[in-house]
Amino acid sequence: MAMKADDMQDLKPTGLSRSNVPDGASAAHATGPSNAHARPTIADLQGENHFAQVARKNWLAAKKTPKVRPEVVKKELWDELEAVNFAYSSLLVLENLQLLERYLWPGFTEDASNYHHLLLALMVNVKRRENLPSWEHFATQPAEFSSFFRRILSMTVDPSQPSKIRTQLISFVIGAFQSLDSGLVRKECAPLVGISIWQNLHSDAVREQYFDEHTMLRKAWRAASKRFDAGDDALKARLRFERSWIYTLLLDFADRLYNSDTREQVRDNMAYCERFMELLTDLQSQLPTRRYVNALLKDMNILSAIRLSPMYTDEDNGLFRDLCNLLTHFTNFPIEDQTGRQLSKLEYDQRHYDVLAKLQRIGYAAFQEKLQLMALANYSSIGNREELDGHLRTLSDGELVELCSLMGLRTEYPSSIYLVRDRAFYMEILLALVEQRPTFKDHVRDMPVLPTEKVLYENTFLRNEFYDGSRPLAIPKLNLQYLTMGDFLWRSFILYRAESFYGIRKDMEDVVKRVKPKGKGINTKFGGVSKMSLPIMKPAVVDVAPSRVGEEQPAYVRAEIILDVSRLQYPVRRDWDQLRPDDVVFLLAVEGKDDLPMRNGHHEDSITGEQLGLHRMRCAQVVQVLDDKGRPLREQAHDDGFGPRARQRRLLVNIDAKQYKLDMDQTAEGRPNVYENINLIVRRKGRENNFLPILESIKRLTLSDIPAPSWLQEVFLGYGDPASATYKRLPNRLHSIDFRDTFLDWQHLIESLPGKSIEPHEEAQTSFGPPYVLQYPVATEPEMAPPRASKKRRRDQVEVAQPLHESLHVSTYKPPNTGPYPADAPKLNAVRFTPAQIDAITSGTQPGLTVVLGPPGTGKTDVATQIISNIYHNFPDQRTLLIAHSNQALNQLFQKIVALDIDERHLLRLGHGEEDLETDVSYSKHGRVESFLERGQYYLSEVDRLAKNFGAPGAHGSSCETADYFNLVYVKPAWTQYWDNVSSEDTSVEQIITEFPFKDYFSDAPQPLFPQAADREQILEIAQGCYHHVEKIFTELEDIRPFEILRNPRDKANYLLVKEARIIAMTSTHAAMRRQEIASLGFHYDNVIMEEAAQITEIENFIPLALQNPQNGQLPLQRIVLCGDHLQNSPVIQNLAFRQYANLEQSLFQRLVRLGVPTIMLDQQGRARPSIAELYKWRYPSLSNLPSVLTKPEFQMANPGFKHEYQFIDVQDYKGKGEDQPTPHWMINLGEAEYAVALYMYMRLLGYPANKISILTTYAGQKSLINDVLAHKCKNNPLFGRPRIVATVDKYQGEQNDYIILSLVRTRSIGYLRDIRRLTVALSRARLGLYILGRRAVFESVLELKPAFDILLQLPDQLTLVTDEMFGHTRRRIAPVAAAQQSAAVDGEAVMHDVEHLGKYVYEMTEAKVEAMRENGGVMPSIEVQMEDHGLDNDEEEDEDDRPENVLIPEEVANVVGEDEEDEK
């Protein structure tokens, strides 16, 4: 999905405290301290900061594990933190100083103080908030971790602990329950939510009712009771604590809801209750934790207690109310808690009716006179809150309590808690039990997918804007497990919609800021310009279509908008002209900004769009763009900017009909007409503006009951055996696979299957060549998991061990002769696959789920290509869907497929990236149709040649139909007769050759057709090959025939998609946008292969699985292959709240890995020098090198002009400055930009080809600055030219180049570069040379990056050059030793001390080169390679290009042009 990809921004939280962030919209615009001041700087970590001094004194300088001193923990750490009210910035400093890893945990013992435990918990919370690994540090001491965890749990229920501390401890517990993939954590958490908590249900009758519904529960209950009874005192105390922990917390929570006296107590209790509701929501949103907790929550009437609490009734507490609504959603979710089955609408309603019937029966039996009317009322009436309240009003307080008790509701609570148990409370719990509630589908159905200004500025959205981790959010999270498929789709819809609307609001605010509106109403003038917007007159509504049956809004509302394009520069006008049908445009009513009132801290004064100048916003979809004469623009030839200047465009749009109906209803009530004040139209860039079809696709899926494939469903939701979807567990696994050209020879076969004995077929005594057919041992039933020791599934269970020395039977066959022409020969694979790659290919060819983890340079694409080839040839009736995140990756994959032995008529590429394919033919729908028709003409001419061969009169090649007739009458009978004759053993070789019926036709084939030395079998094989060639002509014509019959181009294209293509490729975005259209055509496919699967959000992973409608309630998929690397960058999510809190950046690939689904890791890289690969190999422990990177000369030779093949260069301040941030999130470093360009110029002067060099950086601002420096120094100088690309690291994932110059930018603090996934991408792009520019002090002490920087910093941190070497002429070899030993002197070494030194050196080299060329009368070389357009950065480079001169033509020029045009008329 196209999400705005300005992913280089450092969007870390500002550390705002709860007190200075108001609840409502004002939070979104609160001005806190800048990011730079909130993050620990080098000065904080290495200067005189108190905590830095404590760290240096106690653990940073220690050579061995330091002993933890209680006085240091209490006085130096805890008291100091307490003095600053546990400020997040101070906690962050301590985390950066490695307090947990180097001091608190290594020195932890069971006797450690409470302060020691609390500090550990605080550090874990900081790591979670910073998105850093938090639990792996504890794995060294599992027993101590259990002790630590238990102490923390006991402190969560300790009333003597201050509320602020308990709030932090609840955050710690939330983190634990979100990390159940860790065996260490799961072991501690599971008992807290087990069946034993049902000891706290208010009566045995309630428990028995659950047991009667599910008999397995009684068994589990007895087992838990038996364990308790058999335990010693210590075990009993532990079990007693476990079963009472959640109950104690719930009672404390209920108490806090009602017990707040002072303002400080209200604030602290609010913070605690918000966090506690987050914990309850997390427990309710995953089946294993929900199973028993849900019954206890309902039994304790927690939701009713919340709704009646002062916190909830205070309208200022918007977040608290929203959190309650989210908890209510999950508590009432239509699911069977024990089995995990989602209830249908009918089942959900029936359960509700059963409760209503029970109320009527019990009410009538107990209070016949008072509730007689209720007993006779219909269900709809009783399910209505107001009407039921009227029925129950006749009961006294005591009778009401009795009725609640008879209905099985809890009426007794401990007297010590402050929960108000009055008539209102008992009415509420009864109403909550029986009221009719809409389902999640009902809510989704009513949610608009086109925003208005009111939707964009809802408090719910604005609250997410300045998320800093200090408070929870009322949005669903994506975690390890989902309740049902409906739950997964609901969460995805809510989050994707919020992320899309966030992007839209940011773009609208940006446009309003750029156009600088002044004045009000019709007097509004614009003082600025934006290429994304145009001032307009109000839209003219030209047609309002009648409503469709069952709908209230019009079918469509057509409007015409006049665009004045007379002053637009050609590139800007072209963008407006290229608006496509269904593109969304935004109609704005903009006025001058209101003066912001003085703020008094109250939430009612929330900033709205109006105060920013954005008064109204409506959406419309483009129908057509017309010129000023009303002619459709898309039908006219493009003028490339040289034709007569256009003055106007007429834009036909369909306004959002539902919103139009609401607006007109309000106008009829006397309110102003919104559309009268519209004065600005805004467009968005295409990649970002596809939100509508994607949202509609997700919404349709959410409202449907679409399942995952039956064999995948449990694994997808996160339950059951993680290995159950792999082929070894499936009943339909293949027992024989034809691997065709996968293996190159017998030796390759043996090497590729280590641990297996290869048994040749009985007929073959020795080894033989490919193709190989492997037969696997036939099992009577699919391999099952071993018996489990307990009922709790162990997610860390390893794959079931295979029998040692598994025997595989190998046979071969002679591939059929495919014809005498060179073009008939099959194209064969030439890649010598590694054993891990063969394992992946085998698994991918088998049915089921295959997850391939491919580190950089390990050949993921080659593996995917071979899997596709094997499926194509082994299963000719199956169709395969190829999905990738980017057009670039998809095209790389598709180009490799085209090079295989796959008939091009079976290939289809959908979407706009097809034009970038480096192939001779078009694989788009319409290109394929044209290709079919062209090939048809060619084959029909071949039919005419065959007719001449037979001397058959008539126009046999006039159409596919006549060709088919000719085949039936002439070709087939002739061949049948011939073959019958020559099949006899009595027939001689001469007779076979003489009687061959296609002699004349094959006269243009390589001669002789039948070699003289060939024996009888060979001659017959050649004859069969010739007939194969002839037969193929008529087979293809049969496929082409429908395209002759179908007349409509759309019908032809759809037929191709639905019937003809067998390998269909598209991006995940295209799949999401066109899901409904493709599925409604009856599109069917059997296999999905997904490249870059770890870069795609979960919903993008799922939609390609659902591009077809279910058959018999099931998706008929047989194979799903996911290729990716979750250790590199994740999907790009703009909003920090959705990225970190909601985990929207999670991919299905990453979640499956976390769940323990078996993965196949490709373990040999063939991209980079072994020394460069060492920089990121620590992320992939089993990664090794292919022989090619050890033996090829390019990997053995040193980089000319450089002493080292990689180097970290410490760049100090340039002109007194390091990193700079001229505007928010626009990070630059002039010194590194100058250094990068100087280094590039140096390489070019040595003769390095420009297209072999890429310059990467970690921030979009720095990329722009480097481009500016390049433009100034290199652009017009033929000695230098431009590098292949200047890109951000995130955009360059999946790419590579020989030489990479990398600018890290940061000099004060590390920022988001602490994410090791990004560093992994950055270090793995180079093949031969990597030169990293950065500030050593920032990076060398960061724990997460230490393994890489330990290697980098073994070399000097000043650039070391070697003089008198030129590219292509050096004979110096790299030293085959560790980096530390490479410092041996080299002749001609020159050390560059700083950027000025390098700049001067390059300047002198340039002068010398120019002078030498002049003396020799030489001609300066032309620019070798221009900057390549990778389709990645154009939009970004234009972002800052909204200067008026780049958008508008000067007025005087426009007037002159206008007058000239008038004269011409």
# chains A, B, ... in the order shown; residues from 1 in each chain; ligands from 1
call {"tool": "select_by_dssp", "arguments": {"residues": "region 834-993 of chain A", "states": "strand (DSSP E)", "output": "PyMOL selection string"}}
result
chain A and resi 848-853+880-884+907-909
call {"tool": "residues_around", "arguments": {"residues": "Gln1150 (chain A)", "least_positions_apart": "4", "cutoff": "10 Å", "atoms": "only C-alpha atoms", "output": "VMD selection string"}}
result
chain A and resid 480 1093 to 1098 1124 to 1127 1130 1145 to 1146 1154 to 1155
call {"tool": "write_last_selection", "arguments": {"atoms": "N, CA and C atoms", "output": "mmCIF file, in the first residue's frame"}}
result
data_model
loop_
_atom_site.group_PDB
_atom_site.id
_atom_site.type_symbol
_atom_site.label_atom_id
_atom_site.label_comp_id
_atom_site.auth_asym_id
_atom_site.auth_seq_id
_atom_site.Cartn_x
_atom_site.Cartn_y
_atom_site.Cartn_z
ATOM 1 N N LEU A 480 0.638 -10.709 18.626
ATOM 2 C CA LEU A 480 0.916 -12.068 18.166
ATOM 3 C C LEU A 480 -0.319 -12.788 17.632
ATOM 4 N N ALA A 1093 8.235 -9.874 1.678
ATOM 5 C CA ALA A 1093 7.071 -10.076 2.560
ATOM 6 C C ALA A 1093 7.246 -9.390 3.906
ATOM 7 N N ALA A 1094 8.476 -9.148 4.340
ATOM 8 C CA ALA A 1094 8.685 -8.489 5.631
ATOM 9 C C ALA A 1094 8.558 -6.975 5.531
ATOM 10 N N GLN A 1095 8.392 -6.439 4.315
ATOM 11 C CA GLN A 1095 8.230 -4.995 4.138
ATOM 12 C C GLN A 1095 6.767 -4.613 3.914
ATOM 13 N N ILE A 1096 5.879 -5.583 4.060
ATOM 14 C CA ILE A 1096 4.468 -5.359 3.768
ATOM 15 C C ILE A 1096 3.665 -5.504 5.061
ATOM 16 N N THR A 1097 2.744 -4.582 5.308
ATOM 17 C CA THR A 1097 1.922 -4.682 6.516
ATOM 18 C C THR A 1097 1.065 -5.948 6.458
ATOM 19 N N GLU A 1098 0.560 -6.347 7.602
ATOM 20 C CA GLU A 1098 -0.189 -7.616 7.673
ATOM 21 C C GLU A 1098 -1.401 -7.629 6.754
ATOM 22 N N GLY A 1124 11.474 -13.053 2.583
ATOM 23 C CA GLY A 1124 11.755 -11.738 3.150
ATOM 24 C C GLY A 1124 12.829 -11.813 4.205
ATOM 25 N N ASP A 1125 13.011 -10.694 4.905
ATOM 26 C CA ASP A 1125 13.997 -10.622 5.973
ATOM 27 C C ASP A 1125 13.505 -9.615 7.007
ATOM 28 N N HIS A 1126 12.974 -10.122 8.122
ATOM 29 C CA HIS A 1126 12.431 -9.243 9.157
ATOM 30 C C HIS A 1126 13.529 -8.537 9.946
ATOM 31 N N LEU A 1127 14.784 -8.898 9.691
ATOM 32 C CA LEU A 1127 15.889 -8.226 10.374
ATOM 33 C C LEU A 1127 16.341 -6.978 9.615
ATOM 34 N N SER A 1130 11.219 -2.592 8.263
ATOM 35 C CA SER A 1130 9.819 -3.002 8.323
ATOM 36 C C SER A 1130 8.990 -2.067 7.443
ATOM 37 N N GLU A 1145 3.369 -1.474 11.989
ATOM 38 C CA GLU A 1145 4.498 -1.805 11.114
ATOM 39 C C GLU A 1145 4.813 -3.311 11.117
ATOM 40 N N GLN A 1146 4.051 -4.081 11.869
ATOM 41 C CA GLN A 1146 4.283 -5.532 11.914
ATOM 42 C C GLN A 1146 3.857 -6.167 10.593
ATOM 43 N N ARG A 1154 7.930 -14.776 14.938
ATOM 44 C CA ARG A 1154 7.759 -14.670 16.398
ATOM 45 C C ARG A 1154 6.966 -15.840 16.957
ATOM 46 N N LEU A 1155 5.999 -16.321 16.188
ATOM 47 C CA LEU A 1155 5.160 -17.430 16.652
ATOM 48 C C LEU A 1155 5.897 -18.769 16.630
#
call {"tool": "atom_distance", "arguments": {"atom1": "CA of Lys67 (chain A)", "atom2": "CA of Pro106 (chain A)"}}
result
8.3 Å
call {"tool": "residues_around", "arguments": {"residues": "Gly194 (chain A)", "least_positions_apart": "5", "cutoff": "10 Å", "atoms": "only C-alpha atoms", "output": "JSON, numbers by chain"}}
result
{"A": [189, 220, 221, 224, 242, 243, 288, 289, 290, 291, 292, 293]}
call {"tool": "write_last_selection", "arguments": {"atoms": "C-alpha atoms", "output": "PDB file, in the first residue's frame"}}
result
ATOM      1  CA  CYS A 189       2.431 -14.900  32.675  1.00  0.00           C
ATOM      2  CA  ALA A 220      -8.955 -28.567  33.777  1.00  0.00           C
ATOM      3  CA  TRP A 221     -10.506 -27.262  36.986  1.00  0.00           C
ATOM      4  CA  ALA A 224      -5.746 -27.298  38.967  1.00  0.00           C
ATOM      5  CA  GLU A 242      -1.534 -16.508  41.099  1.00  0.00           C
ATOM      6  CA  ARG A 243      -5.274 -17.095  41.278  1.00  0.00           C
ATOM      7  CA  PRO A 288      -5.251 -17.625  25.545  1.00  0.00           C
ATOM      8  CA  THR A 289      -5.460 -14.720  28.001  1.00  0.00           C
ATOM      9  CA  ARG A 290      -9.147 -13.979  27.341  1.00  0.00           C
ATOM     10  CA  ARG A 291     -10.386 -17.526  27.879  1.00  0.00           C
ATOM     11  CA  TYR A 292     -10.816 -17.215  31.663  1.00  0.00           C
ATOM     12  CA  VAL A 293     -10.346 -13.473  32.231  1.00  0.00           C
TER      13      VAL A 293
END
call {"tool": "closest_residue", "arguments": {"among": "A:Thr608, A:Gln1165, A:Thr1159, A:Gln1024", "to": "Phe998 (chain A)", "atoms": "only C-alpha atoms"}}
result
A:Gln1024
call {"tool": "residues_around", "arguments": {"residues": "Thr1288 (chain A)", "least_positions_apart": "6", "cutoff": "8 Å", "atoms": "only C-alpha atoms", "output": "mmCIF file with C-alpha atoms, in the first residue's frame"}}
result
data_model
loop_
_atom_site.group_PDB
_atom_site.id
_atom_site.type_symbol
_atom_site.label_atom_id
_atom_site.label_comp_id
_atom_site.auth_asym_id
_atom_site.auth_seq_id
_atom_site.Cartn_x
_atom_site.Cartn_y
_atom_site.Cartn_z
ATOM 1 C CA MET A 8 13.705 9.381 7.100
ATOM 2 C CA LEU A 1256 23.227 6.827 0.714
ATOM 3 C CA THR A 1257 22.116 8.724 3.764
ATOM 4 C CA THR A 1258 19.762 8.191 6.658
ATOM 5 C CA TYR A 1259 17.657 11.355 6.309
ATOM 6 C CA ALA A 1260 15.698 12.890 3.439
ATOM 7 C CA LYS A 1263 19.774 13.496 0.640
#
call {"tool": "closest_residue", "arguments": {"among": "A:Leu395, A:Ala1408, A:Leu680, A:Val401", "to": "Leu1245 (chain A)", "atoms": "only C-alpha atoms"}}
result
A:Ala1408
call {"tool": "residues_around", "arguments": {"residues": "Leu588 (chain A)", "least_positions_apart": "6", "cutoff": "10 Å", "atoms": "only C-alpha atoms", "output": "mmCIF file with N, CA, C and O atoms, in the first residue's frame"}}
result
data_model
loop_
_atom_site.group_PDB
_atom_site.id
_atom_site.type_symbol
_atom_site.label_atom_id
_atom_site.label_comp_id
_atom_site.auth_asym_id
_atom_site.auth_seq_id
_atom_site.Cartn_x
_atom_site.Cartn_y
_atom_site.Cartn_z
ATOM 1 N N THR A 452 -14.040 14.223 6.179
ATOM 2 C CA THR A 452 -14.367 15.644 6.158
ATOM 3 C C THR A 452 -13.496 16.306 7.216
ATOM 4 O O THR A 452 -12.764 15.620 7.943
ATOM 5 N N GLU A 453 -13.595 17.637 7.302
ATOM 6 C CA GLU A 453 -12.761 18.316 8.305
ATOM 7 C C GLU A 453 -13.132 17.885 9.716
ATOM 8 O O GLU A 453 -12.266 17.802 10.597
ATOM 9 N N MET A 508 -3.212 18.435 3.801
ATOM 10 C CA MET A 508 -4.106 19.594 3.718
ATOM 11 C C MET A 508 -3.526 20.771 4.505
ATOM 12 O O MET A 508 -3.551 21.914 4.032
ATOM 13 N N VAL A 512 -2.507 24.475 3.025
ATOM 14 C CA VAL A 512 -3.057 25.715 3.591
ATOM 15 C C VAL A 512 -1.919 26.623 4.056
ATOM 16 O O VAL A 512 -1.951 27.842 3.850
ATOM 17 N N SER A 533 -2.266 22.461 -5.272
ATOM 18 C CA SER A 533 -3.588 23.074 -5.126
ATOM 19 C C SER A 533 -3.793 24.171 -6.147
ATOM 20 O O SER A 533 -2.818 24.731 -6.686
ATOM 21 N N PRO A 535 -6.628 27.650 -6.681
ATOM 22 C CA PRO A 535 -7.835 28.381 -6.276
ATOM 23 C C PRO A 535 -8.936 28.143 -7.314
ATOM 24 O O PRO A 535 -8.671 28.080 -8.519
ATOM 25 N N ILE A 536 -10.178 27.993 -6.861
ATOM 26 C CA ILE A 536 -11.300 27.736 -7.772
ATOM 27 C C ILE A 536 -12.509 28.553 -7.330
ATOM 28 O O ILE A 536 -12.574 29.052 -6.210
ATOM 29 N N LYS A 538 -16.696 28.252 -6.735
ATOM 30 C CA LYS A 538 -17.455 27.154 -6.138
ATOM 31 C C LYS A 538 -17.803 26.100 -7.195
ATOM 32 O O LYS A 538 -18.045 26.441 -8.366
ATOM 33 N N GLY A 613 -7.192 27.798 9.444
ATOM 34 C CA GLY A 613 -7.594 28.330 8.139
ATOM 35 C C GLY A 613 -8.397 27.353 7.308
ATOM 36 O O GLY A 613 -8.945 27.701 6.272
ATOM 37 N N LEU A 614 -8.485 26.100 7.748
ATOM 38 C CA LEU A 614 -9.220 25.075 7.003
ATOM 39 C C LEU A 614 -10.628 24.947 7.602
ATOM 40 O O LEU A 614 -10.818 24.335 8.630
ATOM 41 N N HIS A 615 -11.611 25.564 6.936
ATOM 42 C CA HIS A 615 -12.961 25.610 7.500
ATOM 43 C C HIS A 615 -13.799 24.408 7.091
ATOM 44 O O HIS A 615 -14.546 23.871 7.891
ATOM 45 N N ARG A 616 -13.736 24.016 5.852
ATOM 46 C CA ARG A 616 -14.510 22.877 5.382
ATOM 47 C C ARG A 616 -13.668 22.062 4.409
ATOM 48 O O ARG A 616 -12.830 22.604 3.685
ATOM 49 N N MET A 617 -13.923 20.759 4.391
ATOM 50 C CA MET A 617 -13.259 19.893 3.411
ATOM 51 C C MET A 617 -14.225 18.815 2.965
ATOM 52 O O MET A 617 -14.882 18.181 3.794
ATOM 53 N N ARG A 618 -14.341 18.658 1.662
ATOM 54 C CA ARG A 618 -15.150 17.584 1.099
ATOM 55 C C ARG A 618 -14.317 16.844 0.062
ATOM 56 O O ARG A 618 -13.402 17.414 -0.538
ATOM 57 N N CYS A 619 -14.638 15.590 -0.141
ATOM 58 C CA CYS A 619 -13.897 14.767 -1.102
ATOM 59 C C CYS A 619 -14.723 14.554 -2.362
ATOM 60 O O CYS A 619 -15.956 14.518 -2.308
ATOM 61 N N VAL A 674 -22.382 24.497 2.401
ATOM 62 C CA VAL A 674 -20.934 24.261 2.434
ATOM 63 C C VAL A 674 -20.292 24.551 1.083
ATOM 64 O O VAL A 674 -19.215 25.151 0.994
ATOM 65 N N TYR A 675 -20.935 24.136 0.005
ATOM 66 C CA TYR A 675 -20.319 24.164 -1.324
ATOM 67 C C TYR A 675 -20.214 25.574 -1.896
ATOM 68 O O TYR A 675 -19.467 25.805 -2.839
ATOM 69 N N ASN A 677 -18.890 27.988 -0.319
ATOM 70 C CA ASN A 677 -17.653 28.594 0.192
ATOM 71 C C ASN A 677 -16.384 27.855 -0.248
ATOM 72 O O ASN A 677 -15.289 28.239 0.145
ATOM 73 N N ILE A 678 -16.539 26.785 -1.033
ATOM 74 C CA ILE A 678 -15.354 26.049 -1.504
ATOM 75 C C ILE A 678 -14.536 26.971 -2.404
ATOM 76 O O ILE A 678 -15.043 27.545 -3.367
ATOM 77 N N ASN A 679 -13.236 27.129 -2.111
ATOM 78 C CA ASN A 679 -12.406 28.039 -2.921
ATOM 79 C C ASN A 679 -11.022 27.478 -3.254
ATOM 80 O O ASN A 679 -10.180 28.176 -3.788
ATOM 81 N N LEU A 680 -10.787 26.193 -2.926
ATOM 82 C CA LEU A 680 -9.476 25.608 -3.210
ATOM 83 C C LEU A 680 -9.654 24.126 -3.516
ATOM 84 O O LEU A 680 -10.396 23.434 -2.816
ATOM 85 N N ILE A 681 -8.998 23.676 -4.577
ATOM 86 C CA ILE A 681 -8.995 22.233 -4.872
ATOM 87 C C ILE A 681 -7.575 21.718 -4.649
ATOM 88 O O ILE A 681 -6.599 22.375 -5.035
ATOM 89 N N VAL A 682 -7.461 20.561 -4.004
ATOM 90 C CA VAL A 682 -6.149 19.992 -3.655
ATOM 91 C C VAL A 682 -6.073 18.576 -4.201
ATOM 92 O O VAL A 682 -7.035 17.813 -4.121
#
call {"tool": "residues_around", "arguments": {"residues": "Ala708 (chain A)", "least_positions_apart": "4", "cutoff": "8 Å", "atoms": "only C-alpha atoms", "output": "count of residues only"}}
result
8
call {"tool": "residues_around", "arguments": {"residues": "region 442-451 of chain A", "least_positions_apart": "4", "cutoff": "10 Å", "atoms": "only C-alpha atoms", "output": "tab-separated table (two decimals) with N, CA and C atoms, in the first residue's frame"}}
result
chain	number	residue	atom	x	y	z
A	437	ARG	N	-26.83	-4.80	21.49
A	437	ARG	CA	-25.60	-4.09	21.14
A	437	ARG	C	-25.25	-4.33	19.69
A	438	PRO	N	-24.87	-3.27	18.97
A	438	PRO	CA	-24.42	-3.48	17.58
A	438	PRO	C	-23.10	-4.25	17.56
A	455	VAL	N	-14.09	14.86	10.68
A	455	VAL	CA	-13.47	13.56	10.93
A	455	VAL	C	-11.97	13.73	11.18
A	456	LEU	N	-11.32	14.57	10.35
A	456	LEU	CA	-9.87	14.74	10.50
A	456	LEU	C	-9.49	15.34	11.84
A	457	TYR	N	-10.37	16.19	12.37
A	457	TYR	CA	-10.05	16.88	13.62
A	457	TYR	C	-10.81	16.32	14.82
A	490	TRP	N	-10.98	-6.14	11.34
A	490	TRP	CA	-11.49	-4.94	12.02
A	490	TRP	C	-10.33	-4.07	12.51
A	493	PHE	N	-8.62	-2.41	9.57
A	493	PHE	CA	-9.41	-1.33	8.98
A	493	PHE	C	-9.31	-0.07	9.84
A	494	ILE	N	-9.48	-0.22	11.16
A	494	ILE	CA	-9.43	0.94	12.05
A	494	ILE	C	-8.07	1.63	11.93
A	497	ARG	N	-7.27	3.10	8.29
A	497	ARG	CA	-8.09	4.30	8.08
A	497	ARG	C	-7.49	5.49	8.83
A	500	SER	N	-4.29	6.62	7.12
A	500	SER	CA	-4.59	7.32	5.87
A	500	SER	C	-5.08	8.74	6.15
A	501	PHE	N	-5.99	8.88	7.11
A	501	PHE	CA	-6.54	10.20	7.42
A	501	PHE	C	-5.47	11.10	8.04
A	504	ILE	N	-3.64	12.50	5.09
A	504	ILE	CA	-4.46	13.50	4.39
A	504	ILE	C	-4.44	14.81	5.16
A	505	ARG	N	-4.62	14.75	6.48
A	505	ARG	CA	-4.66	15.99	7.26
A	505	ARG	C	-3.33	16.71	7.18
A	584	VAL	N	-8.96	10.74	-6.11
A	584	VAL	CA	-9.67	11.57	-5.13
A	584	VAL	C	-9.04	12.95	-5.11
A	586	PHE	N	-9.62	16.97	-3.21
A	586	PHE	CA	-10.17	17.51	-1.97
A	586	PHE	C	-10.61	18.95	-2.20
A	617	MET	N	-13.92	20.76	4.39
A	617	MET	CA	-13.26	19.89	3.41
A	617	MET	C	-14.23	18.82	2.97
A	618	ARG	N	-14.34	18.66	1.66
A	618	ARG	CA	-15.15	17.58	1.10
A	618	ARG	C	-14.32	16.84	0.06
A	619	CYS	N	-14.64	15.59	-0.14
A	619	CYS	CA	-13.90	14.77	-1.10
A	619	CYS	C	-14.72	14.55	-2.36
A	620	ALA	N	-14.03	14.40	-3.47
A	620	ALA	CA	-14.69	14.10	-4.75
A	620	ALA	C	-13.78	13.19	-5.56
A	656	ASP	N	-18.70	13.28	-2.86
A	656	ASP	CA	-19.11	12.27	-1.88
A	656	ASP	C	-20.62	12.39	-1.64
A	658	LYS	N	-22.93	10.63	0.05
A	658	LYS	CA	-23.50	10.48	1.38
A	658	LYS	C	-23.35	11.79	2.17
A	659	GLN	N	-22.16	12.39	2.05
A	659	GLN	CA	-21.93	13.65	2.76
A	659	GLN	C	-22.75	14.77	2.13
A	691	PHE	N	-5.68	5.66	-1.13
A	691	PHE	CA	-6.26	5.20	0.13
A	691	PHE	C	-7.69	4.72	-0.03
A	692	LEU	N	-8.47	5.34	-0.95
A	692	LEU	CA	-9.90	5.02	-1.03
A	692	LEU	C	-10.15	3.59	-1.48
A	693	PRO	N	-9.61	3.15	-2.64
A	693	PRO	CA	-9.88	1.75	-3.03
A	693	PRO	C	-9.34	0.74	-2.03
A	694	ILE	N	-8.23	1.08	-1.37
A	694	ILE	CA	-7.66	0.15	-0.38
A	694	ILE	C	-8.57	0.06	0.84
A	695	LEU	N	-9.02	1.21	1.33
A	695	LEU	CA	-9.93	1.21	2.48
A	695	LEU	C	-11.22	0.47	2.14
A	696	GLU	N	-11.72	0.70	0.92
A	696	GLU	CA	-12.97	0.01	0.53
A	696	GLU	C	-12.75	-1.50	0.47
A	699	LYS	N	-12.64	-2.73	4.01
A	699	LYS	CA	-13.99	-2.64	4.60
A	699	LYS	C	-14.86	-3.78	4.10
A	700	ARG	N	-14.81	-4.06	2.80
A	700	ARG	CA	-15.62	-5.17	2.25
A	700	ARG	C	-15.21	-6.50	2.88
A	702	THR	N	-13.86	-6.92	5.79
A	702	THR	CA	-14.29	-6.93	7.20
A	702	THR	C	-15.77	-7.28	7.31
A	703	LEU	N	-16.56	-6.78	6.38
A	703	LEU	CA	-18.01	-7.04	6.43
A	703	LEU	C	-18.37	-8.42	5.90
call {"tool": "atom_distance", "arguments": {"atom1": "CA of Gln1164 (chain A)", "atom2": "CA of Trp1178 (chain A)"}}
result
13.7 Å
call {"tool": "closest_residue", "arguments": {"among": "A:Gln265, A:Asn981, A:Gln878, A:Asn949", "to": "Asp1000 (chain A)", "atoms": "only C-alpha atoms"}}
result
A:Asn949
